[in-house]
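Here the structure is laid out as structure tokens; the discussion comes afterwards.
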Amino acid sequence: MVTAPQVWAAFAEIPDPEIPVVSLVDLGVIRSVDVSDGHVRVEFTPTFLGCPALEAMTRALEAAVSSLGAEPEVQVIADDSWSTDRITAAGREKLRAAGFAPPAPREASAAEAGSVAGRADDARPKTGEPRARLGLVQLQTAVFRCPYCGSTNTRLENIFGPTPCRSLRYCESCRQPFEQFKTI
């Protein structure tokens, strides 16, 4: 009889189809696993609903459950948005080691944004709105650390990267381009 820990271990071996250095578990897309009488019900939320890897992820999850001798039922949860905050610490480190800048946690982004709002040279009108609502996290520079040298002296080269969830950045310190996961 298959157990939930066996299923989670099998899922930890499934690489993300677009960024194979992280597993679907590391990416935080698997919401729940329920094992009952030889059936495994899996709920997962893709990084975004238009994800071109959605079908590949579904098939990989079904194949992993079947290989354990259980009957899979994989349900895509479309009413619960995924966030980059769901990426595990191990997943963030795997991304960094592979040359990707992991997304900044949304709390860190908001803190960075808030610290910018209080500067004396901030010429924007004071609307009472938090700074985080006035700018995109992807456009802030001190939030993203270069995966090669660790510097935060980076700039956005192109908000549109090779996939919708990534942008292209450039490190002014080590002069290396790198891909950055967008904070969602």
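Order determines the names: the first chain of the structure tokens is A, the second B, and so forth; residues in each chain are numbered 1 upward, and ligands are numbered 1 upward as they are shown.
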
Hey, could you make a per-residue contact list for segment 57-88 of chain A against segment 18-28 of chain A with 8 Å as the cut-off, showing the nearest pair of atoms and its distance in Å to one decimal, counting only C-alpha atoms, sorted by chain and number, as a Markdown table?
| residue | atom | partner | partner_atom | distance |
| --- | --- | --- | --- | --- |
| A:Arg86 | CA | A:Gly28 | CA | 4.8 |
| A:Ile87 | CA | A:Leu27 | CA | 4.6 |
| A:Thr88 | CA | A:Asp26 | CA | 5.2 |

Test item: residues at most 10 Å from Asn153 of chain A, only C-alpha atoms, excluding those fewer than 3 positions along its chain, as a ChimeraX atom specification
/A:141-146,150,170-174

Given only C-alpha atoms as the basis, pick out the residue of A:Ile184, A:Ala101, A:Ala53, A:Val29 nearest to Gln75 of chain A.
A:Val29

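Closest approach to Ser66 of chain A among A:Ala89, A:Ala98, A:Ala104, A:Val2 is made by A:Val2 (distances from only C-alpha atoms).
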
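Of the listed residues A:Pro52, A:Leu68, A:Ser36, A:Thr47, the one whose atoms come nearest to Val7 of chain A is A:Leu68, with distances taken using only C-alpha atoms.
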
Enter the distance from atom CA of Val40 of chain A to atom CA of Glu13 of chain A, in Å, rounded to one decimal.
17.1 Å

If we count only C-alpha atoms and set the cut-off at 12 Å, which residues sit around Met1 of chain A, ignoring sequence neighbours fewer than 2 positions away in its own chain? Please answer as a JSON list (two decimals) with C-alpha atoms, in the first residue's frame.
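Result saved to selection19.json:
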[["chain", "number", "residue", "atom", "x", "y", "z"],
["A", 3, "THR", "CA", 1.85, 6.09, 1.60],
["A", 4, "ALA", "CA", 1.79, 9.88, 1.39],
["A", 5, "PRO", "CA", 5.52, 10.18, 2.24],
["A", 6, "GLN", "CA", 6.31, 7.82, -0.68],
["A", 7, "VAL", "CA", 4.24, 10.00, -3.01],
["A", 35, "VAL", "CA", -3.83, 8.65, -0.18],
["A", 36, "SER", "CA", -6.82, 6.36, 0.32],
["A", 37, "ASP", "CA", -7.41, 2.72, -0.68],
["A", 38, "GLY", "CA", -4.87, 2.63, -3.50],
["A", 39, "HIS", "CA", -5.97, 6.00, -4.91],
["A", 40, "VAL", "CA", -3.87, 9.14, -4.71],
["A", 65, "VAL", "CA", 1.71, 7.89, -8.76],
["A", 68, "LEU", "CA", 4.03, 3.46, -7.08],
["A", 69, "GLY", "CA", 1.15, 1.11, -7.92],
["A", 70, "ALA", "CA", -1.66, 3.53, -7.13],
["A", 71, "GLU", "CA", -4.44, 5.10, -9.18]]

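Between Lys182 of chain A and the residues A:Gly91, A:Gly50, A:Pro103, A:Gly161, the shortest atom-to-atom distance, using only C-alpha atoms, involves A:Pro103.
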